[in-house]
file upload31.txt (compact mmCIF, C-alpha atoms and all ligand atoms)
# COMPACT_ATOMS: atom_id res chain seq x y z
CA MET K 11 94.92 35.58 121.54
CA ASN K 12 97.84 33.94 119.69
CA GLU K 13 99.81 31.25 121.51
CA ILE K 14 103.31 32.20 122.62
CA ILE K 15 105.93 30.58 120.37
CA THR K 16 108.72 28.78 122.21
CA VAL K 17 112.18 29.09 120.64
CA ALA K 18 115.51 27.30 121.05
CA VAL K 19 118.65 29.05 119.80
CA ALA K 20 121.68 27.07 118.61
CA GLY K 21 124.99 28.90 118.40
CA ALA K 22 123.63 31.15 121.14
CA SER K 23 126.99 32.61 122.14
CA GLY K 24 128.01 33.39 118.56
CA ARG K 25 127.76 36.84 116.96
CA MET K 26 124.36 36.13 115.39
CA GLY K 27 123.17 33.84 118.20
CA ARG K 28 123.50 36.57 120.85
CA GLU K 29 121.38 38.92 118.71
CA VAL K 30 118.75 36.18 118.36
CA VAL K 31 118.65 35.60 122.13
CA LYS K 32 118.14 39.38 122.65
CA MET K 33 115.43 39.49 120.00
CA VAL K 34 113.53 36.53 121.50
CA LEU K 35 113.77 37.89 125.05
CA GLY K 36 112.54 41.28 123.81
CA ASP K 37 109.36 40.00 122.12
CA PRO K 38 106.45 39.09 124.44
CA ALA K 39 105.02 36.86 121.68
CA LEU K 40 108.12 34.61 121.97
CA LYS K 41 109.61 32.62 124.83
CA LEU K 42 113.21 31.46 125.04
CA ALA K 43 112.95 27.72 125.71
CA ALA K 44 116.62 26.82 125.30
CA ALA K 45 119.97 28.30 124.34
CA VAL K 46 122.75 26.01 123.13
CA SER K 47 126.43 26.83 123.00
CA ARG K 48 129.37 24.62 123.72
CA SER K 49 131.61 27.46 124.86
CA ALA K 50 129.05 29.25 127.12
CA ALA K 51 127.36 26.21 128.71
CA GLY K 52 126.25 26.83 132.30
CA GLN K 53 125.86 30.60 131.91
CA ASP K 54 122.54 32.42 132.01
CA ALA K 55 121.42 33.06 128.40
CA GLY K 56 120.29 36.63 129.12
CA ARG K 57 123.59 37.54 130.81
CA MET K 58 125.52 35.90 127.99
CA ALA K 59 123.70 38.15 125.50
CA GLY K 60 124.48 41.26 127.57
CA LEU K 61 121.05 41.56 129.24
CA ASP K 62 119.72 40.80 132.72
CA SER K 63 119.39 37.16 133.81
CA CYS K 64 116.47 35.40 132.16
CA GLY K 65 116.56 32.10 134.05
CA VAL K 66 117.48 29.99 131.01
CA GLU K 67 120.76 28.16 131.48
CA VAL K 68 122.86 27.68 128.34
CA LYS K 69 123.22 23.99 127.45
CA SER K 70 126.06 22.36 125.56
CA ASP K 71 124.12 19.71 123.60
CA LEU K 72 121.42 20.50 121.07
CA GLU K 73 119.73 17.10 121.07
CA SER K 74 119.20 16.94 124.85
CA ALA K 75 118.05 20.60 124.87
CA LEU K 76 115.41 19.83 122.21
CA ALA K 77 114.36 16.60 123.94
CA GLU K 78 113.96 18.35 127.31
CA THR K 79 112.24 21.55 126.20
CA ARG K 80 110.36 20.52 123.02
CA PRO K 81 110.27 24.06 121.59
CA ASP K 82 108.12 25.10 118.64
CA VAL K 83 111.06 26.51 116.66
CA LEU K 84 114.84 26.12 116.47
CA VAL K 85 116.79 29.19 115.28
CA ASP K 86 120.27 28.09 114.26
CA PHE K 87 123.33 30.24 113.50
CA THR K 88 126.20 27.78 113.97
CA THR K 89 128.57 26.49 111.29
CA PRO K 90 128.19 25.05 107.80
CA HIS K 91 129.59 21.76 109.19
CA SER K 92 126.65 21.29 111.58
CA ALA K 93 123.82 22.91 109.58
CA VAL K 94 122.40 19.76 107.98
CA ALA K 95 122.70 17.60 111.11
CA HIS K 96 121.00 20.29 113.22
CA THR K 97 118.16 20.62 110.71
CA ARG K 98 117.61 16.86 110.68
CA LEU K 99 117.65 16.76 114.49
CA ALA K 100 115.09 19.56 114.81
CA ILE K 101 112.74 17.86 112.34
CA GLU K 102 113.14 14.52 114.12
CA TYR K 103 111.90 16.19 117.34
CA GLY K 104 109.04 17.94 115.52
CA VAL K 105 110.74 21.33 116.01
CA ARG K 106 110.43 23.74 113.07
CA PRO K 107 113.92 24.71 111.87
CA VAL K 108 114.70 28.37 111.05
CA MET K 109 118.21 28.00 109.73
CA GLY K 110 120.36 31.10 109.21
CA THR K 111 123.46 28.95 108.98
CA THR K 112 124.84 28.70 105.44
CA GLY K 113 126.47 25.90 103.47
CA TYR K 114 123.59 23.69 102.24
CA THR K 115 123.69 21.95 98.85
CA PRO K 116 120.56 21.67 96.65
CA GLU K 117 120.49 17.93 97.53
CA ASP K 118 120.47 18.76 101.27
CA ILE K 119 117.54 21.13 100.77
CA GLU K 120 115.55 18.55 98.81
CA GLU K 121 116.12 15.91 101.49
CA LEU K 122 115.22 18.28 104.35
CA ASP K 123 112.05 19.43 102.59
CA LYS K 124 110.93 15.81 102.34
CA LEU K 125 111.67 15.23 106.03
CA CYS K 126 109.64 18.34 106.98
CA ARG K 127 106.71 17.20 104.84
CA ASP K 128 106.82 13.67 106.25
CA LYS K 129 106.74 15.17 109.74
CA GLY K 130 103.98 17.66 108.79
CA ILE K 131 105.92 20.73 109.91
CA GLY K 132 107.29 23.90 108.33
CA GLY K 133 110.93 24.92 108.04
CA LEU K 134 113.06 27.69 106.59
CA ILE K 135 116.60 27.88 105.28
CA ALA K 136 117.46 31.54 104.70
CA PRO K 137 120.98 32.48 103.65
CA ASN K 138 120.12 36.11 104.33
CA PHE K 139 117.44 37.67 106.57
CA SER K 140 118.07 41.33 105.72
CA ILE K 141 115.53 43.15 103.58
CA GLY K 142 118.21 45.02 101.63
CA ALA K 143 120.01 41.82 100.67
CA ILE K 144 116.76 40.21 99.51
CA LEU K 145 116.04 43.27 97.35
CA MET K 146 119.59 43.22 95.98
CA MET K 147 119.02 39.59 94.89
CA LYS K 148 115.62 40.36 93.35
CA PHE K 149 116.93 43.42 91.48
CA ALA K 150 119.95 41.46 90.24
CA ALA K 151 117.73 38.67 88.89
CA GLU K 152 115.57 41.28 87.13
CA ALA K 153 118.61 43.07 85.65
CA ALA K 154 120.03 39.76 84.39
CA LYS K 155 117.06 39.43 81.99
CA TYR K 156 118.27 42.54 80.18
CA MET K 157 122.01 42.53 80.92
CA PRO K 158 123.00 38.84 80.98
CA HIS K 159 126.77 39.41 81.26
CA LEU K 160 127.52 39.62 84.98
CA GLU K 161 129.82 38.66 87.82
CA ILE K 162 129.08 38.37 91.55
CA ILE K 163 131.62 39.70 94.06
CA GLU K 164 130.96 39.01 97.74
CA TYR K 165 133.01 40.30 100.68
CA HIS K 166 133.09 38.75 104.17
CA GLY K 167 135.38 38.53 107.20
CA ASP K 168 138.50 36.39 106.91
CA GLN K 169 137.23 33.79 109.42
CA LYS K 170 134.14 32.85 107.38
CA LEU K 171 134.06 29.07 106.83
CA ASP K 172 132.12 28.78 103.56
CA ALA K 173 132.80 30.17 100.10
CA PRO K 174 130.97 31.39 98.22
CA SER K 175 128.61 32.88 100.81
CA GLY K 176 125.08 31.48 101.11
CA THR K 177 123.82 34.80 99.78
CA ALA K 178 126.02 34.57 96.68
CA VAL K 179 124.81 31.03 95.97
CA LYS K 180 121.17 32.10 96.34
CA THR K 181 121.79 35.14 94.13
CA ALA K 182 123.39 32.92 91.47
CA GLU K 183 120.40 30.56 91.57
CA LEU K 184 117.87 33.39 91.22
CA ILE K 185 119.86 34.93 88.38
CA SER K 186 120.09 31.57 86.60
CA GLU K 187 116.31 31.17 86.75
CA ALA K 188 115.81 34.61 85.13
CA ARG K 189 118.69 34.87 82.67
CA GLN K 190 118.99 33.38 79.21
CA GLU K 191 121.65 30.65 79.06
CA LEU K 192 124.95 32.20 78.14
CA ARG K 193 128.59 31.24 78.47
CA GLN K 194 130.29 34.56 79.10
CA GLY K 195 133.76 35.72 78.20
CA ASN K 196 136.40 34.46 75.81
CA PRO K 197 136.26 30.67 75.32
CA ASP K 198 140.03 30.69 74.80
CA GLU K 199 140.71 32.45 78.11
CA LYS K 200 143.61 30.89 80.09
CA GLU K 201 144.22 31.41 83.80
CA THR K 202 147.93 31.85 84.45
CA ILE K 203 147.22 31.85 88.20
CA GLU K 204 144.66 29.19 89.10
CA GLY K 205 141.40 30.60 90.48
CA SER K 206 141.99 34.13 89.31
CA ARG K 207 138.70 34.17 87.40
CA GLY K 208 136.74 32.99 90.48
CA GLY K 209 134.21 30.17 90.75
CA TYR K 210 132.20 29.16 87.67
CA TYR K 211 128.39 28.92 87.98
CA ASN K 212 126.07 28.44 84.99
CA GLY K 213 128.16 30.56 82.62
CA PHE K 214 129.17 33.35 85.00
CA ARG K 215 131.69 33.89 87.81
CA ILE K 216 131.52 34.32 91.58
CA HIS K 217 134.39 35.93 93.50
CA SER K 218 134.73 35.58 97.29
CA VAL K 219 136.83 38.22 99.04
CA ARG K 220 137.83 37.40 102.65
CA LEU K 221 139.41 40.19 104.72
CA PRO K 222 139.60 41.24 108.37
CA GLY K 223 137.51 44.34 109.04
CA VAL K 224 134.85 43.35 106.50
CA PHE K 225 131.43 42.13 107.68
CA ALA K 226 129.06 41.25 104.79
CA GLN K 227 128.74 42.92 101.42
CA GLN K 228 127.89 41.84 97.91
CA GLU K 229 127.78 43.43 94.51
CA VAL K 230 126.51 42.09 91.24
CA VAL K 231 128.26 43.79 88.33
CA PHE K 232 126.60 43.79 84.91
CA GLY K 233 128.34 44.73 81.67
CA ALA K 234 126.84 45.67 78.30
CA PHE K 235 127.97 47.68 75.31
CA GLY K 236 129.41 50.97 76.59
CA GLN K 237 128.12 50.62 80.18
CA THR K 238 128.15 48.77 83.50
CA LEU K 239 125.56 48.48 86.25
CA LYS K 240 126.37 47.63 89.88
CA ILE K 241 123.76 46.41 92.37
CA ARG K 242 125.28 46.40 95.83
CA HIS K 243 124.24 45.64 99.41
CA ASP K 244 126.26 46.39 102.58
CA SER K 245 125.48 45.09 106.08
CA TYR K 246 126.84 47.10 109.00
CA ASP K 247 125.17 45.57 112.08
CA ARG K 248 123.96 42.04 112.91
CA ALA K 249 120.88 43.50 114.60
CA GLY K 250 119.75 44.36 111.05
CA TYR K 251 118.93 40.68 110.46
CA MET K 252 116.63 40.43 113.47
CA PRO K 253 113.34 41.79 112.02
CA GLY K 254 113.66 39.05 109.39
CA VAL K 255 114.43 36.34 111.96
CA ASN K 256 111.46 37.49 114.09
CA THR K 257 109.11 37.29 111.08
CA ALA K 258 110.50 33.87 110.18
CA VAL K 259 109.89 32.42 113.66
CA LYS K 260 106.23 33.40 113.34
CA LYS K 261 105.69 32.43 109.68
CA VAL K 262 107.33 29.02 110.00
CA MET K 263 104.42 28.06 112.28
CA THR K 264 101.93 28.58 109.45
CA HIS K 265 102.94 26.13 106.71
CA THR K 266 104.20 22.63 105.97
CA GLY K 267 107.41 21.85 104.09
CA LEU K 268 110.78 23.56 103.86
CA VAL K 269 111.05 27.02 102.31
CA TYR K 270 114.44 28.07 100.93
CA GLY K 271 114.96 31.85 100.94
CA PHE K 272 113.44 34.58 103.11
CA GLU K 273 111.94 36.22 100.00
CA HIS K 274 109.14 33.63 100.22
CA TYR K 275 108.05 35.14 103.56
CA MET K 276 108.01 38.74 102.35
CA ASP K 277 104.71 39.04 100.51
N1 LIG K 301 121.13 34.05 107.27
C1 LIG K 301 121.66 35.23 107.59
O1 LIG K 301 121.06 36.30 107.43
C2 LIG K 301 123.05 35.23 108.20
C3 LIG K 301 123.60 36.39 108.74
C4 LIG K 301 124.84 36.31 109.35
C5 LIG K 301 125.51 35.08 109.43
N2 LIG K 301 124.95 33.99 108.87
C6 LIG K 301 125.55 32.66 108.97
O2 LIG K 301 125.37 32.19 110.30
C7 LIG K 301 126.45 31.31 110.66
C8 LIG K 301 127.05 31.80 111.97
O3 LIG K 301 127.58 33.10 111.82
P1 LIG K 301 128.18 33.91 113.07
O4 LIG K 301 128.81 35.14 112.50
O5 LIG K 301 127.17 34.05 114.14
O6 LIG K 301 129.33 32.88 113.54
P2 LIG K 301 130.02 32.75 114.96
O7 LIG K 301 131.27 31.99 114.72
O8 LIG K 301 130.11 34.08 115.63
O9 LIG K 301 128.99 31.86 115.80
C9 LIG K 301 128.77 30.51 115.60
C10 LIG K 301 128.52 29.88 116.95
O10 LIG K 301 128.08 28.54 116.79
C11 LIG K 301 128.71 27.74 117.77
N3 LIG K 301 128.69 26.36 117.32
C12 LIG K 301 129.43 25.77 116.36
N4 LIG K 301 129.08 24.49 116.22
C13 LIG K 301 128.09 24.26 117.11
C14 LIG K 301 127.33 23.12 117.46
N5 LIG K 301 127.52 21.94 116.84
N6 LIG K 301 126.36 23.25 118.43
C15 LIG K 301 126.15 24.43 119.04
N7 LIG K 301 126.88 25.55 118.77
C16 LIG K 301 127.83 25.45 117.82
C17 LIG K 301 130.10 28.34 117.91
O11 LIG K 301 130.70 28.00 119.15
C18 LIG K 301 129.77 29.83 117.82
O12 LIG K 301 129.46 30.36 119.11
C19 LIG K 301 127.37 31.30 109.46
O13 LIG K 301 127.06 30.19 108.63
C20 LIG K 301 127.03 32.58 108.72
O14 LIG K 301 127.31 32.52 107.35
C21 LIG K 301 123.74 34.04 108.25
O1 LIG K 302 128.93 36.81 108.34
C1 LIG K 302 128.55 35.86 107.62
O2 LIG K 302 129.15 34.77 107.54
C2 LIG K 302 127.34 36.04 106.78
N1 LIG K 302 126.94 35.02 106.08
C3 LIG K 302 125.77 34.97 105.29
C4 LIG K 302 126.08 34.33 103.95
O3 LIG K 302 126.92 33.40 103.87
O4 LIG K 302 125.45 34.69 102.95
C5 LIG K 302 124.98 36.25 105.20
C6 LIG K 302 125.66 37.49 105.66
C7 LIG K 302 126.62 37.32 106.81

call {"tool": "encode", "arguments": {"input": "upload31.txt", "output": "structure tokens", "more": "lines below"}}
Ligand SMILES: NC(=O)c1ccc[n+]([C@@H]2O[C@H](COP(=O)([O-])OP(=O)(O)OC[C@H]3O[C@@H](n4cnc5c(N)ncnc54)[C@H](O)[C@@H]3O)[C@@H](O)[C@H]2O)c1
Ligand SMILES: O=C(O)C1=N[C@H](C(=O)O)CCC1
result
Amino acid sequence: MNEIITVAVAGASGRMGREVVKMVLGDPALKLAAAVSRSAAGQDAGRMAGLDSCGVEVKSDLESALAETRPDVLVDFTTPHSAVAHTRLAIEYGVRPVMGTTGYTPEDIEELDKLCRDKGIGGLIAPNFSIGAILMMKFAAEAAKYMPHLEIIEYHGDQKLDAPSGTAVKTAELISEARQELRQGNPDEKETIEGSRGGYYNGFRIHSVRLPGVFAQQEVVFGAFGQTLKIRHDSYDRAGYMPGVNTAVKKVMTHTGLVYGFEHYMD
């Protein structure tokens, strides 16, 4: 029989964190070891997530929670400001990080991969855990081989802290690996309002829309002679990320080193 995997959740009272607590409590192969939230400290984690009491009290400090409970895995959905520090902390305690939080740079990822390898543990940074979003990224990278003129438009709520989204950055990276080098558009173009052409990435543009009422959507728009192609993904419910997070918690136990992108866990 497989060992039960013990899981700590950081950002447990947040919108994603509550879904993760529910997912962990609902899977007999997993055990909630700790839940960390500064705003909900002292509450029962199950009650906080809208379920019955589970006997795990929410703690306010990640480091002491990891030191006391020594879980197998940390699942983190907090803020881009704390993502790197939380990943380092988990690795230091030998806890495998499954990081849904966005905002890492390529240099951060390289450093954290080395730390994981030195410690002999696995880790995952996944800007998006939903199957549809992963397929949208894969299809966009494939399309870019044949239609290299493109722009990425991502839409999120107006309180999102990072721009572009982690998903847009990952999409841009995958597209850049697949697409021939090309500087799009008119080289003499002039912005009369700064930023109106969006962010520049390897010859193409990324636009971040932030509006109340929006959750998470992205489209990659391709243009070629006489035609356009749009590849679009829409998220409607945070529970839609949970099958991916559940798979990640189990797969991160099986390898060494940091994996960047949930697509690596799909095959
Ligand atoms: N990978 C994915 O599939 C995916 C999906 C949705 C959201 N996200 C990302 O997850 C992150 C969180 O999103 P959300 O919508 O749940 O945000 P949220 O604001 O609802 O929740 C974040 C929570 O983290 C807590 N927090 C902040 N700093 C903390 C710290 N140092 N220690 C402990 N808790 C802390 C906040 O109090 C809050 O409860 C964002 O970066 C977002 O982009 C990723
Ligand atoms: O709601 C958010 O914030 C989301 N962030 C992720 C990103 O930055 O890509 C994924 C979708 C939801």

call {"tool": "residues_near_ligand", "arguments": {"input": "upload31.txt", "ligand": "ligand LIG 302 (chain K)", "cutoff": "10 Å", "atoms": "only C-alpha atoms and all ligand atoms", "output": "PyMOL selection string"}}
result
chain K and resi 25-26+87-90+110-113+136-140+143+164-181+224-228+244-245+247-248+251

call {"tool": "atom_distance", "arguments": {"input": "upload31.txt", "atom1": "atom C11 of ligand LIG 301 (chain K)", "atom2": "atom CA of K:Pro253"}}
result
21.6 Å

call {"tool": "closest_residue", "arguments": {"input": "upload31.txt", "among": "K:Ile185, K:Ala18, K:Ala93, K:Ile162", "to": "ligand LIG 301 (chain K)", "atoms": "only C-alpha atoms and all ligand atoms"}}
result
K:Ala93

call {"tool": "atom_distance", "arguments": {"input": "upload31.txt", "atom1": "atom C1 of ligand LIG 301 (chain K)", "atom2": "atom CA of K:Arg28"}}
result
13.5 Å

call {"tool": "residues_around", "arguments": {"input": "upload31.txt", "residues": "K:Ala182", "least_positions_apart": "4", "cutoff": "9 Å", "atoms": "all atoms listed in the file", "output": "list in words"}}
result
Met147, Ala151, Ile162, Thr177, Ala178, Ser186, Glu187, Tyr211, Asn212, Phe214 and Ile216 of chain K

call {"tool": "residues_near_point", "arguments": {"input": "upload31.txt", "point": "(114.3, 30.6, 106.5)", "cutoff": "9 Å", "atoms": "all atoms listed in the file", "output": "list of chain:residue names"}}
result
K:Pro107, K:Val108, K:Met109, K:Gly110, K:Gly133, K:Leu134, K:Ile135, K:Ala136, K:Pro137, K:Asn138, K:Phe139, K:Gly254, K:Val255, K:Ala258, K:Val259, K:Val262, K:Leu268, K:Val269, K:Tyr270, K:Gly271, K:Phe272, K:Glu273, K:His274, K:Tyr275

call {"tool": "residues_around", "arguments": {"input": "upload31.txt", "residues": "K:Ala20", "least_positions_apart": "6", "cutoff": "9 Å", "atoms": "only C-alpha atoms", "output": "PyMOL selection string"}}
result
chain K and resi 27+44-47+72+84-88+96

call {"tool": "closest_residue", "arguments": {"input": "upload31.txt", "among": "K:Lys41, K:Lys69, K:Arg242, K:Arg80", "to": "ligand LIG 301 (chain K)", "atoms": "only C-alpha atoms and all ligand atoms"}}
result
K:Lys69

call {"tool": "axis_aligned_box", "arguments": {"input": "upload31.txt", "around": "stretch 175-180 of chain K", "padding_each_side": "4 Å", "output": "lines of an AutoDock Vina configuration file"}}
result
center_x = 124.9
center_y = 32.9
center_z = 98.5
size_x = 15.4
size_y = 11.8
size_z = 13.1

call {"tool": "closest_residue", "arguments": {"input": "upload31.txt", "among": "K:His91, K:Lys200, K:Lys124, K:Arg189", "to": "ligand LIG 301 (chain K)", "atoms": "all atoms listed in the file"}}
result
K:His91

call {"tool": "decode", "arguments": {"input": "upload31.txt", "residues": "stretch 59-94 of chain K", "atoms": "C-alpha atoms", "output": "PDB file, in the first residue's frame"}}
result
ATOM      1  CA  ALA K  59     -12.673  25.947   4.081  1.00  0.00           C
ATOM      2  CA  GLY K  60     -16.422  25.520   4.636  1.00  0.00           C
ATOM      3  CA  LEU K  61     -16.293  21.882   5.809  1.00  0.00           C
ATOM      4  CA  ASP K  62     -16.612  20.171   9.193  1.00  0.00           C
ATOM      5  CA  SER K  63     -13.796  20.584  11.735  1.00  0.00           C
ATOM      6  CA  CYS K  64     -10.717  18.565  10.853  1.00  0.00           C
ATOM      7  CA  GLY K  65      -8.643  19.138  13.993  1.00  0.00           C
ATOM      8  CA  VAL K  66      -5.901  21.112  12.229  1.00  0.00           C
ATOM      9  CA  GLU K  67      -5.517  24.608  13.630  1.00  0.00           C
ATOM     10  CA  VAL K  68      -4.496  27.295  11.134  1.00  0.00           C
ATOM     11  CA  LYS K  69      -1.065  28.746  11.963  1.00  0.00           C
ATOM     12  CA  SER K  70       0.221  32.203  11.127  1.00  0.00           C
ATOM     13  CA  ASP K  71       3.886  31.394  10.413  1.00  0.00           C
ATOM     14  CA  LEU K  72       5.046  29.092   7.640  1.00  0.00           C
ATOM     15  CA  GLU K  73       8.501  28.355   9.020  1.00  0.00           C
ATOM     16  CA  SER K  74       7.299  27.192  12.452  1.00  0.00           C
ATOM     17  CA  ALA K  75       4.487  25.173  10.819  1.00  0.00           C
ATOM     18  CA  LEU K  76       7.023  23.346   8.605  1.00  0.00           C
ATOM     19  CA  ALA K  77       9.450  22.857  11.507  1.00  0.00           C
ATOM     20  CA  GLU K  78       6.719  21.411  13.761  1.00  0.00           C
ATOM     21  CA  THR K  79       4.921  19.167  11.270  1.00  0.00           C
ATOM     22  CA  ARG K  80       7.660  18.220   8.744  1.00  0.00           C
ATOM     23  CA  PRO K  81       5.201  17.499   5.923  1.00  0.00           C
ATOM     24  CA  ASP K  82       6.141  15.737   2.693  1.00  0.00           C
ATOM     25  CA  VAL K  83       4.800  18.533   0.472  1.00  0.00           C
ATOM     26  CA  LEU K  84       4.044  22.252   0.681  1.00  0.00           C
ATOM     27  CA  VAL K  85       1.268  23.539  -1.602  1.00  0.00           C
ATOM     28  CA  ASP K  86       1.544  27.317  -1.848  1.00  0.00           C
ATOM     29  CA  PHE K  87      -0.949  29.811  -3.286  1.00  0.00           C
ATOM     30  CA  THR K  88       0.099  33.079  -1.634  1.00  0.00           C
ATOM     31  CA  THR K  89       1.552  36.148  -3.353  1.00  0.00           C
ATOM     32  CA  PRO K  90       4.308  36.792  -5.882  1.00  0.00           C
ATOM     33  CA  HIS K  91       6.164  38.700  -3.120  1.00  0.00           C
ATOM     34  CA  SER K  92       6.525  35.594  -0.943  1.00  0.00           C
ATOM     35  CA  ALA K  93       6.795  32.866  -3.599  1.00  0.00           C
ATOM     36  CA  VAL K  94      10.590  32.614  -3.755  1.00  0.00           C
TER      37      VAL K  94
END
